[in-house]
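Remarks on the structure that follows.
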Amino acid sequence: MGETPSRLDELASRAATWLARSDVAPERHTTAVIADRFDRITWRDTYEQSAGLRDLAEELKDRYGHTANPATDFTTDLLTDAFLAAYKVNPRLRERAEMDPSRLVNHQATTALLESPEFAELHRETAGDPYAAAMAVLAQASALRRMLEHSRDAQAQAEQARKAQQDADDAATAVSEALQQADEDGKLSADADAVQKAIEAAESAEATARQAGQTATQALAATAPGIRTTARTAAAKAAEAVRDEAALMRAWGVGPGQLERMPYDQRARLAERLRTSRLAEWAELIGRFRQMAGGERARKVENATGELVGVTLGNDLSRVIPSELAGLGLPALRAVFAARYAAGELMLYDSQGDQATGRGAVIACVDTSHSMYEAGPGGVTREAWAKACALALLDQARDAGRDFVGILFSAADKLRVFRFPADEPADVARVLDFAESFLGGGTSYQRPLSAAGELLEEEFNDAARMRGDIVMLTDDDCGVTEDWMRGWNDAKHRLGFRVFGVAIGAPRVAEADSVLDALCDNLRAIEDLTDVHAAADLFRVI
């Protein structure tokens with residue numbers, strides 16, 4: 001029986017609607033954060049370099065993913081969004097309608113993260129830094145697990161919505177194919193039943209998809225409050241973790257610029273070393289010493305060119321005031337002038353200004369005998385106090401363009417020398433080796449001080465530099481021979497170096513009649529360094 005024109009017109013109209021839909025089906029995205037090709041490359045490279053990210057992705061996929069259909073693995077896409085949100089300088093989200101229905105949970109979680117007040121603080125630490133962004137993702141791991149656990153039902157509904165949407169899209173394609181077949185046959189009437197069945201199937205699939213979408217939306221709305229709370233907690237925890245690591249790096253003299261140039265795996269190993277070794281316990285103390293040293297790069301001294309502060313007495317002819325010089329014009333007063341000059345009683349301009357200190361190397365001799373393991377001020381080990389001071393001296397030397405040498409010593413047969421030339425970058429790994437090394441055993445003064453003197457002698461012979469500074473950090477008082485002492489004093493006079501002593505946790509070592517006092521031009525106890533002003537003074541005179 002032939003088809004009536006009215007029915008054929010109706011079929012043609014309905015078919016045209018589905019044909020248009022199949023032609024302009026919108027692209028649905030699986031990631032919520034808009035990213036360009038370079039952002040995606042950064043994520044892939046970081047993911048490949050980070051074992052932590054890969055392990056987390058595998059765990060989430062096993063617990064919450066859909067291994068039967070890898071294409072629906074939304075968990076890795078969630079990690080991608082968390083990374084890009086932290087990494088991109090100005091992260092932007094796609095519209096909800098642009099998302100694949102199975103990724104609506106991800107979109108909601110990422111939206112909650114970006115809108116949380118705590119995220120702004122986190123983003124300041126991670127923007128443009130792939131390592132910091134990856135660290136932020138790992139710090140949020142427990143929060144991501146909670147989000148996924150609370151969203152299981154919503155995710156199941158979202159998966160059903162995705163499947164229903166796919167069925168609707170397939171049905172629309174079937175309508176298009178039925179129409180194409182009718183067009184090949186030459187007339188719609190011949191294939192009207194097939195076209196009508198395709199249209200009815202498409203309309204049914206569309207209704208199912210619409211209902212599934214509404215159900216998924218309701219399920220997502222139910223999880224929204226919990227996701228928002230979890231996102232705020234996650235952002236705060238991640239910001240704290242990233243800040244703590246940055247502070248740890250700064251305490252060890254590793255600045256942001258150096259970190260950005262450091263390969264990912266090297267940076268990860270460095271962070272792990274600092275977090276898990278005993279060095280982590282020293283970070284606050286070391287940071288405090290370095291800050292104090294940073295504020296004292298020069299010292300105020302008398303008799304230096306600078307601001308005039310008054311008049312004093314002396315015999316420095318370069319600073320004699322004009323009224324004194326006028327006496328030289330009168331023959332009767334010249335003898336008086338000569339007598340006052342000899343007695344150091346001429347009136348001079350008194351001035352105060354910045355004067356550079358030493359010019360030769362700064363050498364820190366650090367005692368690493370067994371007793372240095374004992375607790376010093378504040379319960380921190382004596383070793384930690386000594387090495388914190390030594391690392392601050394390293395900064396001091398590098399800022400002044402001076403070589404730095406760290407000498408670790410204990411008994412006479414135990415010595416390690418770490419050299420940091422001024423014209424070479426201070427390798428972070430070598431700085432940490434210097435800080436971590438511990439020799440154990442007894443204590444000998446002569447061996448490290450002789451080694452320090454030989455280094456300054458070598459520097460004088462090679463570069464004609466004098467006025468080095470030696471800092472002896474020890475908790476023990478041990479004897480030296482008379483012959484050695486004579487040679488030591490001769491070397492000090494010849495090379496013009498100074499010796500500073502810091503007695504650590506042993507009052508006897510800092511007393512006026514101790515051996516260390518006889519060796520040093522300036523001796524103080526470590527307890528002095530618990531006072532900010534006293535500690536700053538040490539770095540002002542070195």
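Identifiers in the structure tokens: chain A, B, ... in order shown; residue index from 1 per chain; ligand index from 1 in order shown.
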At a cut-off of 12 Å, using only C-alpha atoms, what residues contact Asn106 (chain A)? Leave out same-chain residues fewer than 4 positions from it and give the result as number ranges by chain.
A: 29-33, 73-82, 93-94, 96, 99-102, 110-113, 144, 147-148, 151-152, 154-155, 158, 220, 224, 227, 231
Excluding Arg447 (chain A) and residues on its chain fewer than 5 positions from it, collect all residues at most 9 Å away from it, counting only C-alpha atoms, and give them as an mmCIF file with all heavy atoms, in the first residue's frame.
```cif
data_model
loop_
_atom_site.group_PDB
_atom_site.id
_atom_site.type_symbol
_atom_site.label_atom_id
_atom_site.label_comp_id
_atom_site.auth_asym_id
_atom_site.auth_seq_id
_atom_site.Cartn_x
_atom_site.Cartn_y
_atom_site.Cartn_z
ATOM 1 N N PHE A 409 86.601 17.580 61.124
ATOM 2 C CA PHE A 409 87.720 16.945 61.824
ATOM 3 C C PHE A 409 87.226 16.229 63.062
ATOM 4 O O PHE A 409 86.154 16.484 63.586
ATOM 5 C CB PHE A 409 88.784 17.986 62.199
ATOM 6 C CG PHE A 409 88.371 18.930 63.306
ATOM 7 C CD1 PHE A 409 88.671 18.648 64.637
ATOM 8 C CD2 PHE A 409 87.679 20.103 63.018
ATOM 9 C CE1 PHE A 409 88.294 19.521 65.655
ATOM 10 C CE2 PHE A 409 87.305 20.980 64.030
ATOM 11 C CZ PHE A 409 87.598 20.687 65.348
ATOM 12 N N SER A 410 88.049 15.315 63.535
ATOM 13 C CA SER A 410 87.845 14.684 64.846
ATOM 14 C C SER A 410 89.227 14.325 65.367
ATOM 15 O O SER A 410 89.981 15.216 65.758
ATOM 16 C CB SER A 410 86.913 13.467 64.744
ATOM 17 O OG SER A 410 87.398 12.518 63.834
ATOM 18 N N ALA A 411 89.580 13.039 65.348
ATOM 19 C CA ALA A 411 90.920 12.649 65.793
ATOM 20 C C ALA A 411 91.956 13.069 64.748
ATOM 21 O O ALA A 411 91.618 13.463 63.630
ATOM 22 C CB ALA A 411 90.953 11.144 66.027
ATOM 23 N N ALA A 412 93.224 12.956 65.123
ATOM 24 C CA ALA A 412 94.310 13.433 64.257
ATOM 25 C C ALA A 412 94.342 12.718 62.909
ATOM 26 O O ALA A 412 94.839 13.272 61.923
ATOM 27 C CB ALA A 412 95.649 13.272 64.975
ATOM 28 N N ASP A 413 93.810 11.504 62.849
ATOM 29 C CA ASP A 413 93.849 10.750 61.590
ATOM 30 C C ASP A 413 92.548 10.835 60.800
ATOM 31 O O ASP A 413 92.365 10.103 59.823
ATOM 32 C CB ASP A 413 94.178 9.284 61.877
ATOM 33 C CG ASP A 413 93.130 8.614 62.762
ATOM 34 O OD1 ASP A 413 92.397 9.351 63.461
ATOM 35 O OD2 ASP A 413 93.047 7.377 62.748
ATOM 36 N N LYS A 414 91.648 11.712 61.224
ATOM 37 C CA LYS A 414 90.351 11.819 60.546
ATOM 38 C C LYS A 414 90.115 13.261 60.118
ATOM 39 O O LYS A 414 89.991 14.166 60.960
ATOM 40 C CB LYS A 414 89.220 11.349 61.456
ATOM 41 C CG LYS A 414 89.269 9.854 61.768
ATOM 42 C CD LYS A 414 88.061 9.413 62.580
ATOM 43 C CE LYS A 414 88.084 7.914 62.822
ATOM 44 N NZ LYS A 414 86.903 7.461 63.594
ATOM 45 N N LEU A 415 90.022 13.464 58.812
ATOM 46 C CA LEU A 415 89.835 14.818 58.270
ATOM 47 C C LEU A 415 89.184 14.719 56.898
ATOM 48 O O LEU A 415 89.546 13.865 56.090
ATOM 49 C CB LEU A 415 91.189 15.536 58.153
ATOM 50 C CG LEU A 415 91.144 17.038 57.897
ATOM 51 C CD1 LEU A 415 90.930 17.771 59.215
ATOM 52 C CD2 LEU A 415 92.457 17.509 57.257
ATOM 53 N N ALA A 452 94.055 24.156 57.548
ATOM 54 C CA ALA A 452 93.531 25.477 57.187
ATOM 55 C C ALA A 452 94.664 26.435 56.856
ATOM 56 O O ALA A 452 94.592 27.202 55.881
ATOM 57 C CB ALA A 452 92.682 26.017 58.331
#
```
Restricting the calculation to only C-alpha atoms: of A:Glu245, A:Gln218, A:Leu270, A:Arg54, which residue gets closest to Ala429 (chain A)?
A:Leu270
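The neighbours of Val515 (chain A) here are the residues that come within 8 Å of it, using only C-alpha atoms and leaving out any residue fewer than 5 positions away in the same chain; they are Asp477, Cys478, Gly479, Val480 and Val509 of chain A.
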All strand (DSSP E) positions in region 283-458 of chain A, as an NGL selection string:
:A and (299-314 or 346-355 or 362-367 or 404-409 or 415-420)
